[in-house]
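Just my_file.cif here, mmCIF, C-alpha atoms:
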data_coords
#
loop_
_atom_site.label_atom_id
_atom_site.label_comp_id
_atom_site.auth_asym_id
_atom_site.auth_seq_id
_atom_site.Cartn_x
_atom_site.Cartn_y
_atom_site.Cartn_z
CA MET A 1369 108.01 176.56 -89.63
CA GLY A 1370 108.55 173.25 -87.80
CA SER A 1371 111.80 171.56 -86.90
CA ALA A 1372 111.07 168.80 -89.40
CA GLN A 1373 112.38 171.07 -92.14
CA PHE A 1374 115.81 170.90 -90.49
CA HIS A 1375 116.17 167.08 -90.26
CA TRP A 1376 118.79 167.15 -92.99
CA ILE A 1377 120.97 169.57 -91.02
CA GLY A 1378 121.49 167.09 -88.22
CA ARG A 1379 119.87 167.48 -84.84
CA GLY A 1380 121.02 167.73 -81.26
CA ARG A 1381 124.37 166.36 -80.28
CA LEU A 1382 124.74 164.63 -83.64
CA ALA A 1383 125.29 168.00 -85.34
CA LEU A 1384 127.78 169.05 -82.68
CA GLY A 1385 129.57 165.74 -83.09
CA VAL A 1386 129.87 166.30 -86.84
CA ILE A 1387 131.36 169.75 -86.24
CA LEU A 1388 133.86 168.40 -83.69
CA SER A 1389 134.83 165.59 -86.07
CA LEU A 1390 135.65 168.20 -88.72
CA PHE A 1391 137.85 169.94 -86.14
CA PHE A 1392 139.92 166.82 -85.54
CA LEU A 1393 140.17 165.78 -89.20
CA VAL A 1394 142.65 167.17 -91.69
CA PRO A 1395 140.45 168.44 -94.57
CA CYS A 1396 141.39 168.14 -98.19
CA SER A 1397 142.14 171.33 -100.06
CA GLN A 1398 139.68 172.51 -102.69
CA ALA A 1399 139.84 175.87 -104.46
CA LEU A 1400 136.69 177.98 -104.46
CA ALA A 1401 135.29 180.26 -107.10
CA ALA A 1402 134.12 183.61 -105.76
CA PRO A 1403 130.40 183.37 -106.69
CA ALA A 1404 128.32 180.33 -105.73
CA GLU A 1405 124.74 179.24 -106.35
CA ILE A 1406 123.26 177.07 -103.59
CA GLY A 1407 119.86 175.70 -104.52
CA GLY A 1408 118.77 179.08 -105.86
CA LEU A 1409 120.59 181.12 -103.23
CA THR A 1410 123.50 183.21 -104.53
CA VAL A 1411 126.44 184.25 -102.34
CA THR A 1412 129.93 185.58 -102.93
CA LEU A 1413 132.47 183.30 -101.26
CA PRO A 1414 135.74 184.35 -99.65
CA ASP A 1415 138.71 184.25 -101.97
CA ALA A 1416 140.55 180.92 -101.78
CA ALA A 1417 143.72 182.82 -100.89
CA THR A 1418 142.16 183.65 -97.50
CA GLY A 1419 142.34 179.97 -96.54
CA TRP A 1420 138.66 179.00 -96.78
CA ARG A 1421 137.90 175.65 -98.50
CA LYS A 1422 134.84 173.53 -99.15
CA ALA A 1423 134.29 170.88 -96.49
CA GLY A 1424 131.76 168.15 -95.75
CA LYS A 1425 128.99 166.69 -97.87
CA GLY A 1426 125.20 166.73 -97.88
CA ASN A 1427 122.51 169.35 -98.08
CA LEU A 1428 124.48 171.96 -96.14
CA PHE A 1429 127.02 173.98 -98.10
CA MET A 1430 130.03 174.19 -95.81
CA LEU A 1431 133.34 176.06 -95.77
CA GLN A 1432 136.22 175.47 -93.39
CA LYS A 1433 139.30 177.46 -92.46
CA ASP A 1434 142.17 176.07 -90.36
CA PHE A 1435 144.28 178.07 -87.94
CA PRO A 1436 147.58 176.39 -87.00
CA GLU A 1437 148.82 176.14 -83.44
CA THR A 1438 151.15 178.94 -82.40
CA GLU A 1439 153.00 179.95 -79.27
CA ASP A 1440 150.00 182.03 -78.19
CA ASP A 1441 147.04 180.14 -79.69
CA LYS A 1442 145.76 176.58 -79.88
CA ARG A 1443 144.96 174.99 -83.19
CA GLY A 1444 141.56 176.23 -84.31
CA ASN A 1445 138.95 175.98 -87.02
CA ALA A 1446 136.19 178.17 -88.40
CA LEU A 1447 133.17 176.68 -90.17
CA ILE A 1448 130.60 178.44 -92.33
CA GLN A 1449 127.35 176.57 -93.05
CA ILE A 1450 124.72 177.75 -95.53
CA THR A 1451 121.27 176.22 -96.09
CA LYS A 1452 119.44 176.03 -99.36
CA PRO A 1453 116.42 178.36 -99.49
CA LEU A 1454 113.47 176.96 -97.54
CA PRO A 1455 109.81 177.63 -98.43
CA ALA A 1456 108.40 179.62 -95.51
CA ALA A 1457 106.51 182.81 -94.74
CA ARG A 1458 108.41 185.93 -93.74
CA SER A 1459 106.68 185.94 -90.35
CA SER A 1460 108.31 182.62 -89.37
CA LEU A 1461 111.87 183.95 -89.35
CA GLN A 1462 112.19 184.14 -85.57
CA ALA A 1463 110.84 180.61 -85.12
CA GLY A 1464 113.17 179.36 -87.85
CA MET A 1465 116.15 180.97 -86.12
CA LYS A 1466 115.24 179.19 -82.89
CA THR A 1467 115.05 175.86 -84.69
CA PHE A 1468 118.37 176.37 -86.51
CA VAL A 1469 120.19 177.47 -83.35
CA ALA A 1470 118.87 174.38 -81.55
CA THR A 1471 120.89 172.11 -83.88
CA LEU A 1472 123.76 172.91 -81.47
CA PRO A 1473 121.80 172.40 -78.22
CA ASP A 1474 124.61 173.15 -75.79
CA VAL A 1475 125.35 176.44 -77.55
CA ALA A 1476 121.64 177.26 -77.75
CA LYS A 1477 121.49 177.25 -73.94
CA GLU A 1478 123.85 180.23 -73.83
CA ASP A 1479 122.47 183.76 -73.68
CA ILE A 1480 122.57 185.85 -76.85
CA LEU A 1481 125.60 188.14 -76.58
CA VAL A 1482 124.91 190.24 -79.67
CA LYS A 1483 121.69 190.57 -81.64
CA HIS A 1484 120.93 192.58 -84.78
CA TYR A 1485 117.72 192.71 -86.76
CA GLY A 1486 116.29 194.82 -89.54
CA VAL A 1487 116.07 194.56 -93.31
CA THR A 1488 118.63 194.05 -96.07
CA VAL A 1489 119.24 196.36 -99.04
CA ASN A 1490 116.91 194.07 -100.99
CA GLY A 1491 114.09 194.42 -98.46
CA TYR A 1492 114.40 191.01 -96.79
CA ASP A 1493 114.03 190.61 -93.04
CA ILE A 1494 117.32 189.66 -91.36
CA ARG A 1495 118.24 188.54 -87.85
CA VAL A 1496 121.72 187.95 -86.40
CA GLU A 1497 122.39 186.17 -83.09
CA GLU A 1498 125.78 185.53 -81.51
CA ARG A 1499 126.42 183.08 -78.63
CA CYS A 1500 129.58 182.11 -76.73
CA CYS A 1501 131.02 179.86 -75.33
CA VAL A 1502 130.67 176.09 -74.84
CA HIS A 1503 133.63 173.84 -73.96
CA GLN A 1504 133.69 170.20 -75.11
CA LYS A 1505 136.69 167.90 -75.49
CA ASN A 1506 138.99 170.87 -74.70
CA VAL A 1507 137.46 172.81 -77.58
CA SER A 1508 135.87 176.23 -77.10
CA ILE A 1509 132.82 176.67 -79.34
CA SER A 1510 131.04 179.91 -80.29
CA GLN A 1511 128.31 180.51 -82.85
CA ILE A 1512 126.88 183.28 -85.03
CA VAL A 1513 123.60 182.51 -86.80
CA VAL A 1514 121.97 184.65 -89.49
CA GLY A 1515 118.48 184.24 -90.92
CA VAL A 1516 117.29 186.02 -94.08
CA ALA A 1517 113.60 185.88 -95.03
CA GLY A 1518 111.55 187.05 -97.98
CA ASP A 1519 107.81 186.69 -98.48
CA ARG A 1520 108.02 183.09 -99.69
CA GLN A 1521 111.42 181.67 -98.73
CA GLN A 1522 114.26 182.07 -96.28
CA ALA A 1523 117.83 180.90 -95.75
CA TYR A 1524 120.13 180.43 -92.78
CA LEU A 1525 123.87 180.89 -92.43
CA GLN A 1526 126.07 179.96 -89.50
CA LEU A 1527 129.63 180.63 -88.40
CA VAL A 1528 131.02 178.21 -85.81
CA LEU A 1529 134.38 179.02 -84.22
CA LEU A 1530 136.38 176.21 -82.60
CA ASN A 1531 139.27 177.45 -80.44
CA VAL A 1532 139.30 180.68 -82.44
CA ASN A 1533 139.52 184.04 -80.68
CA GLY A 1534 141.25 187.42 -80.81
CA ASP A 1535 142.47 188.57 -84.20
CA ARG A 1536 141.67 185.16 -85.70
CA SER A 1537 138.06 185.45 -84.61
CA ARG A 1538 137.76 189.00 -85.94
CA SER A 1539 139.18 187.89 -89.30
CA ALA A 1540 136.78 184.96 -89.63
CA GLU A 1541 133.81 187.10 -88.54
CA ALA A 1542 134.73 189.77 -91.11
CA ASP A 1543 134.79 187.13 -93.90
CA PHE A 1544 131.45 185.77 -92.71
CA ALA A 1545 129.89 189.25 -92.55
CA THR A 1546 131.04 189.99 -96.09
CA LEU A 1547 129.49 186.72 -97.28
CA VAL A 1548 126.19 187.50 -95.48
CA ARG A 1549 126.00 190.94 -97.13
CA SER A 1550 126.23 189.21 -100.52
CA VAL A 1551 123.18 186.95 -100.00
CA LYS A 1552 120.64 187.06 -102.83
CA LEU A 1553 117.40 185.09 -102.53
CA ASP A 1554 116.35 186.14 -106.02
CA PRO A 1555 118.43 186.55 -109.21
CA SER A 1556 117.16 190.13 -109.55
CA ASP A 1557 118.56 191.17 -106.14
CA LYS A 1558 121.22 193.87 -106.15
CA ASP A 1559 124.61 193.81 -104.48
CA PHE A 1560 124.97 195.40 -101.05
CA ASP A 1561 125.52 199.12 -101.51
CA LEU A 1562 124.03 202.32 -100.17
CA VAL A 1563 122.50 203.75 -103.33
CA PRO A 1564 120.02 206.61 -102.83
CA ALA A 1565 116.66 206.39 -104.58
CA SER A 1566 115.24 209.26 -106.63
CA GLU A 1567 113.06 210.41 -103.71
CA ASP A 1568 115.98 210.47 -101.24
CA GLY A 1569 118.05 213.49 -100.22
CA GLY A 1570 117.40 217.20 -99.84
CA LEU A 1571 119.86 218.20 -97.10
CA ASP A 1572 123.45 219.35 -97.37
CA GLY A 1573 126.05 219.97 -94.69
CA VAL A 1574 127.42 218.92 -91.32
CA PHE A 1575 125.27 219.24 -88.20
CA THR A 1576 126.20 218.69 -84.54
CA HIS A 1577 124.20 217.68 -81.48
CA LEU A 1578 125.48 217.76 -77.87
CA ASP A 1579 124.93 214.35 -76.28
CA THR A 1580 125.58 214.01 -72.53
CA GLY A 1581 124.97 211.33 -69.92
CA LEU A 1582 126.47 208.47 -67.90
CA ARG A 1583 127.70 205.13 -69.21
CA PRO A 1584 129.34 202.10 -67.55
CA ASN A 1585 133.07 201.49 -67.93
CA VAL A 1586 135.19 198.34 -67.93
CA PHE A 1587 136.14 198.83 -64.28
CA GLY A 1588 132.56 198.56 -63.01
CA GLY A 1589 132.12 202.30 -62.55
CA MET A 1590 130.24 205.02 -64.42
CA ASP A 1591 131.73 207.73 -66.62
CA PHE A 1592 130.15 211.07 -67.49
CA TYR A 1593 130.36 211.83 -71.19
CA SER A 1594 129.76 214.93 -73.25
CA ASP A 1595 130.05 214.26 -76.96
CA SER A 1596 129.43 216.59 -79.88
CA THR A 1597 127.90 213.99 -82.17
CA ILE A 1598 127.66 214.86 -85.85
CA THR A 1599 125.57 213.92 -88.84
CA THR A 1600 126.82 214.65 -92.34
CA PHE A 1601 124.07 214.86 -94.96
CA ASP A 1602 124.76 214.47 -98.66
CA PRO A 1603 122.14 216.17 -100.89
CA LYS A 1604 121.59 212.97 -102.90
CA GLY A 1605 120.47 210.95 -99.85
CA LEU A 1606 123.49 209.54 -97.99
CA PHE A 1607 124.22 210.40 -94.39
CA SER A 1608 127.11 209.54 -92.06
CA THR A 1609 127.55 209.76 -88.29
CA GLU A 1610 131.29 210.30 -88.77
CA LEU A 1611 133.21 212.86 -90.77
CA PRO A 1612 135.05 211.14 -93.63
CA LYS A 1613 138.76 211.01 -92.84
CA GLY A 1614 141.75 211.29 -95.11
CA GLY A 1615 140.01 213.56 -97.59
CA ARG A 1616 137.49 210.90 -98.63
CA SER A 1617 134.08 211.83 -99.97
CA ILE A 1618 131.02 210.65 -98.09
CA THR A 1619 130.38 208.11 -100.86
CA GLU A 1620 133.89 206.66 -100.48
CA HIS A 1621 133.60 206.69 -96.69
CA CYS A 1622 130.27 204.83 -96.74
CA LYS A 1623 131.62 202.16 -99.09
CA GLU A 1624 134.54 201.52 -96.72
CA THR A 1625 132.63 201.91 -93.44
CA PRO A 1626 128.92 201.29 -94.09
CA THR A 1627 128.11 200.97 -90.37
CA ASP A 1628 128.71 204.73 -90.04
CA CYS A 1629 126.16 205.42 -92.74
CA GLY A 1630 122.66 205.17 -94.09
CA LEU A 1631 120.08 206.70 -96.42
CA TYR A 1632 117.47 209.33 -95.65
CA THR A 1633 114.22 210.63 -97.12
CA LEU A 1634 112.28 213.77 -96.20
CA THR A 1635 108.58 213.05 -95.96
CA GLY A 1636 105.39 214.74 -94.78
CA GLY A 1637 106.70 218.18 -95.63
CA GLY A 1638 109.99 219.20 -97.15
CA PHE A 1639 113.17 221.12 -96.74
CA PHE A 1640 111.36 224.46 -96.63
CA SER A 1641 108.39 223.18 -94.64
CA SER A 1642 107.92 224.20 -91.01
CA ALA A 1643 107.38 220.57 -90.01
CA GLY A 1644 107.54 217.12 -91.45
CA SER A 1645 109.45 213.89 -90.90
CA ILE A 1646 112.69 212.29 -91.90
CA GLU A 1647 113.08 208.57 -92.57
CA MET A 1648 116.60 207.38 -91.69
CA ARG A 1649 117.70 203.93 -92.86
CA SER A 1650 120.83 203.17 -90.84
CA VAL A 1651 123.26 200.28 -91.37
CA THR A 1652 123.53 198.83 -87.87
CA SER A 1653 126.00 195.96 -88.35
CA ALA A 1654 128.66 194.56 -90.64
CA TYR A 1655 126.09 191.97 -91.76
CA GLY A 1656 124.14 194.63 -93.63
CA THR A 1657 121.22 194.93 -91.21
CA ILE A 1658 119.33 198.17 -91.85
CA GLU A 1659 117.15 199.78 -89.19
CA ILE A 1660 114.45 202.17 -90.38
CA GLU A 1661 113.38 205.04 -88.14
CA THR A 1662 110.98 207.86 -88.91
CA LYS A 1663 111.57 210.99 -86.82
CA ILE A 1664 109.90 214.38 -86.52
CA PHE A 1665 111.81 216.89 -88.63
CA SER A 1666 111.81 220.65 -89.04
CA LYS A 1667 114.19 223.37 -90.17
CA LYS A 1668 115.13 226.21 -87.83
CA GLY A 1669 117.08 228.77 -89.82
CA GLU A 1670 120.32 227.04 -90.83
CA ASP A 1671 119.81 224.43 -88.10
CA LEU A 1672 117.68 221.29 -87.95
CA MET A 1673 115.35 219.81 -85.36
CA ILE A 1674 115.29 216.00 -85.49
CA ALA A 1675 113.14 214.16 -82.95
CA ASP A 1676 113.01 217.34 -80.82
CA ALA A 1677 116.83 217.46 -80.65
CA ASP A 1678 118.69 220.53 -81.89
CA HIS A 1679 121.23 219.82 -84.66
CA ARG A 1680 123.27 222.95 -85.35
CA ALA A 1681 124.88 223.61 -88.70
CA VAL A 1682 128.69 223.47 -88.57
CA PRO A 1683 130.45 225.68 -91.12
CA PRO A 1684 133.61 224.32 -92.74
CA PHE A 1685 136.99 225.99 -92.24
CA ASP A 1686 138.01 228.23 -95.12
CA GLU A 1687 140.99 227.10 -97.15
CA GLY A 1688 144.19 228.26 -95.44
CA THR A 1689 142.57 229.15 -92.09
CA THR A 1690 145.07 229.37 -89.22
CA LEU A 1691 144.40 229.21 -85.48
CA ASP A 1692 146.41 230.29 -82.46
CA GLY A 1693 146.35 228.52 -79.11
CA GLU A 1694 146.71 225.27 -77.19
CA TRP A 1695 143.98 222.62 -77.17
CA VAL A 1696 143.93 219.68 -74.73
CA SER A 1697 142.02 216.41 -74.94
CA THR A 1698 141.78 214.46 -71.67
CA PHE A 1699 140.22 211.14 -70.74
CA ALA A 1700 139.82 209.44 -67.37
CA SER A 1701 137.91 206.36 -66.26
CA SER A 1702 137.88 204.49 -62.96
CA GLY A 1703 135.85 202.05 -60.91
CA MET A 1704 135.99 199.21 -58.43
CA THR A 1705 134.39 195.90 -57.57
CA ALA A 1706 134.56 193.77 -54.42
CA THR A 1707 137.94 192.32 -55.45
CA SER A 1708 139.47 194.77 -57.91
CA SER A 1709 139.86 198.39 -58.87
CA GLY A 1710 141.29 200.18 -61.84
CA SER A 1711 141.73 203.47 -63.57
CA VAL A 1712 143.05 204.80 -66.86
CA ALA A 1713 143.83 208.34 -67.96
CA SER A 1714 145.34 210.11 -70.94
CA SER A 1715 146.01 213.63 -72.14
CA HIS A 1716 146.91 214.95 -75.59
CA THR A 1717 147.93 218.53 -76.31
CA LEU A 1718 147.92 220.20 -79.72
CA ARG A 1719 149.39 223.67 -80.22
CA LEU A 1720 148.52 225.58 -83.40
CA HIS A 1721 150.16 228.87 -84.39
CA ARG A 1722 149.15 231.67 -86.73
CA ASN A 1723 152.23 231.03 -88.87
CA GLY A 1724 150.93 227.55 -89.76
CA THR A 1725 153.16 225.51 -87.46
CA PHE A 1726 152.15 223.00 -84.78
CA GLU A 1727 153.50 220.96 -81.87
CA ARG A 1728 151.85 218.10 -80.03
CA ILE A 1729 152.62 215.95 -77.01
CA GLY A 1730 150.73 213.36 -74.98
CA TRP A 1731 150.82 210.83 -72.19
CA SER A 1732 148.73 207.92 -70.88
CA GLY A 1733 148.67 205.81 -67.74
CA ALA A 1734 146.77 202.96 -66.09
CA SER A 1735 146.55 201.33 -62.66
CA LEU A 1736 145.00 197.93 -61.82
CA THR A 1737 144.75 196.07 -58.49
CA ASN A 1738 143.28 192.67 -57.62
CA GLU A 1739 142.73 190.94 -54.30
CA ILE A 1740 142.36 187.16 -54.18
CA GLY A 1741 142.36 185.14 -50.96
CA GLY A 1742 143.75 188.01 -48.92
CA SER A 1743 146.65 188.52 -51.30
CA GLN A 1744 146.77 191.76 -53.27
CA SER A 1745 148.53 192.35 -56.58
CA GLY A 1746 148.64 195.34 -58.84
CA VAL A 1747 150.28 197.02 -61.77
CA THR A 1748 150.82 200.65 -62.71
CA THR A 1749 152.04 201.80 -66.09
CA SER A 1750 152.48 205.07 -67.92
CA SER A 1751 154.01 206.31 -71.14
CA ASN A 1752 154.68 209.56 -72.97
CA ARG A 1753 153.86 210.04 -76.62
CA PRO A 1754 156.88 211.23 -78.59
CA GLY A 1755 156.56 214.92 -79.36
CA ALA A 1756 155.97 216.02 -82.92
CA SER A 1757 156.12 219.31 -84.74
CA GLY A 1758 155.79 220.65 -88.26
CA ARG A 1759 153.24 222.49 -90.34
CA TYR A 1760 149.45 222.19 -90.50
CA LYS A 1761 146.75 222.98 -93.02
CA LEU A 1762 143.03 223.54 -92.41
CA SER A 1763 140.45 223.19 -95.15
CA GLY A 1764 136.78 222.29 -94.88
CA TYR A 1765 136.52 219.62 -92.19
CA ARG A 1766 140.07 218.41 -92.70
CA LEU A 1767 143.26 218.97 -90.70
CA ASP A 1768 146.60 217.94 -92.21
CA LEU A 1769 149.61 217.70 -89.90
CA THR A 1770 152.93 217.37 -91.73
CA ASP A 1771 155.90 216.66 -89.44
CA VAL A 1772 159.52 217.62 -90.02
CA SER A 1773 160.20 214.31 -91.81
CA GLY A 1774 157.51 215.13 -94.40
CA LYS A 1775 154.98 212.55 -93.17
CA THR A 1776 151.38 213.84 -93.26
CA GLU A 1777 148.57 212.71 -90.98
CA THR A 1778 145.06 213.68 -92.04
CA MET A 1779 142.29 214.02 -89.45
CA SER A 1780 138.71 215.21 -89.35
CA ILE A 1781 137.99 218.46 -87.52
CA PHE A 1782 135.10 220.78 -86.74
CA ALA A 1783 134.24 223.52 -84.25
CA PRO A 1784 130.77 222.76 -82.78
CA ASP A 1785 130.31 226.25 -81.28
CA LYS A 1786 129.62 228.84 -83.96
CA GLY A 1787 132.08 231.72 -83.99
CA SER A 1788 134.30 230.12 -81.34
CA ASP A 1789 137.38 227.92 -81.38
CA GLY A 1790 137.08 227.12 -77.65
CA LEU A 1791 136.24 223.52 -78.53
CA LEU A 1792 137.59 221.56 -81.48
CA VAL A 1793 136.46 218.02 -82.24
CA ILE A 1794 139.40 216.25 -83.89
CA ASN A 1795 138.93 212.68 -85.11
CA GLY A 1796 135.91 212.48 -82.81
CA ASN A 1797 137.76 213.61 -79.66
CA ASN A 1798 137.01 216.82 -77.76
CA TYR A 1799 139.94 219.28 -77.54
CA LEU A 1800 139.29 222.21 -75.16
CA LYS A 1801 141.25 225.42 -75.63
CA ASP A 1802 143.51 226.24 -72.71
CA ASP A 1803 143.03 229.95 -72.02
CA GLY A 1804 145.85 229.99 -69.47
CA LYS A 1805 143.64 230.68 -66.46
#
Could you spell out this file's structure in structure tokens?
Amino acid sequence: MGSAQFHWIGRGRLALGVILSLFFLVPCSQALAAPAEIGGLTVTLPDAATGWRKAGKGNLFMLQKDFPETEDDKRGNALIQITKPLPAARSSLQAGMKTFVATLPDVAKEDILVKHYGVTVNGYDIRVEERCCVHQKNVSISQIVVGVAGDRQQAYLQLVLLNVNGDRSRSAEADFATLVRSVKLDPSDKDFDLVPASEDGGLDGVFTHLDTGLRPNVFGGMDFYSDSTITTFDPKGLFSTELPKGGRSITEHCKETPTDCGLYTLTGGGFFSSAGSIEMRSVTSAYGTIEIETKIFSKKGEDLMIADADHRAVPPFDEGTTLDGEWVSTFASSGMTATSSGSVASSHTLRLHRNGTFERIGWSGASLTNEIGGSQSGVTTSSNRPGASGRYKLSGYRLDLTDVSGKTETMSIFAPDKGSDGLLVINGNNYLKDDGK
């Protein structure tokens, strides 16, 4: 697909100039209906109450949202641009992305910070590229571009942020991601949702895998990690890499947090077969990108082998189970560069008693130092978490803590080691039992 197809977008610095002119103008207000049809493309627009309004004229459908100047932030704007569907082969998506990104040449020179690719729920190829940041006329500019391609046509969407960061950026990006998930290139396309097909499913339960290794930290050092990762399989075909919290079902959890979830199909064998494969279709971003992986699969008693990794079945806690002991979750991270060093640590203790009562305490601390031009500065801080006590209830993979005021906090919980409570994983954090030695 050649760049000629993008003449109507505006090329080079002209396009950037148009965007900057929108930043400095005061746009007129125009209410938006939720659904919109753009040259055959259907999208669901942000509600007008969120502050988005139609802006600009021409072949690009454009939305704008203004952020007023505050004590902490400059005045900012967010722009969403959507093309009409373009006739092009599916294989040209990457080339089309390059052409669309190049309409903001200074931004295009920046390295891609985040990239997602895969398919949508409707089977279209999708690519997402995020770049930051260019500074012009005291305006900071960042860009997220999305391309969606079917066999015969494709469309492009862009979010441009002008002096927008922090919570404002996250809010605008969330609205844009929701809009991208709603894209329909054909009237018969379905809404974004993880709906199992008739051939999906066949597993039931929670399974854990011990994942260990080293990973970089924010201080420039390396941390050792040992995580009991989990996969929850629903017999109809949903799976989640997190235990649903707050008593939600896996269906409710996946609707609220689709990036934890996906769909699976057993192929080349079956649940009772000694070997086969499992196709896992994971949602890898808020934009609805789905990555498809096929892995070797077999069943080993109650446990599973997936891609040669052991996934052990985790039994739920019986209703009314009580435990007795003290469990501690600790975290520490440190590192240093040529001019700085830092560390952070925390500890949380949970005591559970046979009579159904609990107590918990915790603390955290951090230390940072910097050296610039022979001058050294630093800061050290620490805090204690207010203690809490009350009654607890265990059921399934759910832990309810009700304090003396009657407030209940619900967390996920499982014991990865069969027949042992030496390790509890609570809300994804490892709590080791203190045996007093």
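Closest approach to Leu1428 in chain A among A:Leu1530, A:Ala1476, A:Ile1598, A:Ala1523: A:Ala1523, based on only C-alpha atoms.
Nearest residue to Ser1666 in chain A, choosing from A:Ser1459, A:Ser1645, A:Ser1650, A:Ser1780 and counting all atoms listed in the file: A:Ser1645.
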CA of Cys1501 in chain A to CA of Ile1406 in chain A, distance in Å rounded to a single decimal: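 Atom-to-atom, CA of Cys1501 in chain A to CA of Ile1406 in chain A, that is 29.4 Å.
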Residue by residue, what does the PyMOL selection byres ((chain A and resi 1483) around 7) grab here? Present the result as a list in words.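 Here the PyMOL selection byres ((chain A and resi 1483) around 7) matches Ile1480, Leu1481, Val1482, His1484, Tyr1485, Val1496, Glu1497 and Glu1498 of chain A.
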Excluding Pro1403 in chain A and its own-chain neighbours fewer than 4 positions away, which residues fall within 10 Å of it when counting only C-alpha atoms? Please give them as an MDAnalysis selection string. chainID A and resid 1410:1415 1550
Which of A:Thr1627, A:Asn1795, A:Ser1701, A:Gln1449 sits closest to Gln1526 in chain A [using only C-alpha atoms]: A:Gln1449
Calculate how many Å separate CA of Ala1654 in chain A from CA of Leu1547 in chain A, rounding to one decimal.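 It comes out at 10.3 Å.
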Counting only C-alpha atoms, what is within 9 Å of range 1488-1492 of chain A, bar same-chain residues fewer than 4 positions away, as number ranges by chain? A: 1458, 1516-1519, 1522, 1549, 1552-1553, 1557-1562, 1655-1658
Might you pull out every residue within 7 Å of Pro1603 in chain A, with only C-alpha atoms counted and same-chain residues fewer than 3 positions away left off, and present them as a PyMOL selection string? chain A and resi 1569-1572
Between A:Asp1595, A:Glu1687, A:Glu1405, A:Glu1439, which one has atoms that come closest to Val1551 in chain A, using only C-alpha atoms?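 Going through A:Asp1595, A:Glu1687, A:Glu1405, A:Glu1439 one by one, the smallest distance to Val1551 in chain A is for A:Glu1405.
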Evaluate the PyMOL selection byres ((chain A and resi 1505-1514) around 10) on the structure here and hand back the selected residues as number ranges by chain. A: 1384, 1387-1388, 1391, 1442-1450, 1465-1466, 1468-1469, 1472, 1474-1476, 1478, 1480-1485, 1494-1504, 1515-1516, 1523-1533, 1537, 1541, 1544-1545, 1548, 1655
Near-Gly1407 in chain A list (9 Å; all atoms listed in the file; drop same-chain fewer than 3 positions) as a PyMOL selection string: chain A and resi 1410+1451-1453
Run the PyMOL selection byres ((chain A and resi 1622) around 10) mentally over the shown coordinates, then write out the matched residues as a list of chain:residue names, using the chain letters and numbers from the document.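 After applying the PyMOL selection byres ((chain A and resi 1622) around 10), what remains is A:Asp1561, A:Leu1562, A:Leu1606, A:Phe1607, A:Ser1608, A:Glu1610, A:Pro1612, A:Arg1616, A:Ser1617, A:Ile1618, A:Thr1619, A:Glu1620, A:His1621, A:Lys1623, A:Glu1624, A:Thr1625, A:Pro1626, A:Thr1627, A:Asp1628, A:Cys1629, A:Gly1630, A:Val1651.
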CA of Asp1771 in chain A and CA of Ser1757 in chain A are how many Å apart? 5.4 Å
If you keep N, CA, C and O atoms, can you output range 1667-1674 of chain A as a short mmCIF file (atom, residue, chain, number, x, y, z; two decimals), in the first residue's frame?
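Dumped everything to decode_33.cif:
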data_model
loop_
_atom_site.label_atom_id
_atom_site.label_comp_id
_atom_site.auth_asym_id
_atom_site.auth_seq_id
_atom_site.Cartn_x
_atom_site.Cartn_y
_atom_site.Cartn_z
N LYS A 1667 -2.13 -34.82 30.35
CA LYS A 1667 -2.68 -34.90 31.70
C LYS A 1667 -1.86 -35.92 32.50
O LYS A 1667 -1.55 -37.01 32.00
N LYS A 1668 -1.51 -35.55 33.71
CA LYS A 1668 -0.68 -36.38 34.57
C LYS A 1668 -1.40 -36.53 35.91
O LYS A 1668 -1.20 -35.76 36.84
N GLY A 1669 -2.28 -37.54 35.98
CA GLY A 1669 -3.13 -37.66 37.16
C GLY A 1669 -4.07 -36.47 37.22
O GLY A 1669 -4.76 -36.14 36.25
N GLU A 1670 -4.08 -35.77 38.36
CA GLU A 1670 -4.90 -34.57 38.51
C GLU A 1670 -4.19 -33.33 37.94
O GLU A 1670 -4.81 -32.28 37.78
N ASP A 1671 -2.89 -33.47 37.64
CA ASP A 1671 -2.10 -32.35 37.19
C ASP A 1671 -2.04 -32.29 35.67
O ASP A 1671 -2.46 -33.21 34.97
N LEU A 1672 -1.50 -31.16 35.17
CA LEU A 1672 -1.37 -30.95 33.73
C LEU A 1672 0.09 -30.69 33.38
O LEU A 1672 0.84 -30.13 34.17
N MET A 1673 0.46 -31.08 32.17
CA MET A 1673 1.74 -30.70 31.59
C MET A 1673 1.44 -29.83 30.37
O MET A 1673 0.79 -30.27 29.43
N ILE A 1674 1.89 -28.56 30.42
CA ILE A 1674 1.67 -27.63 29.32
C ILE A 1674 3.03 -27.11 28.89
O ILE A 1674 3.75 -26.50 29.68
#
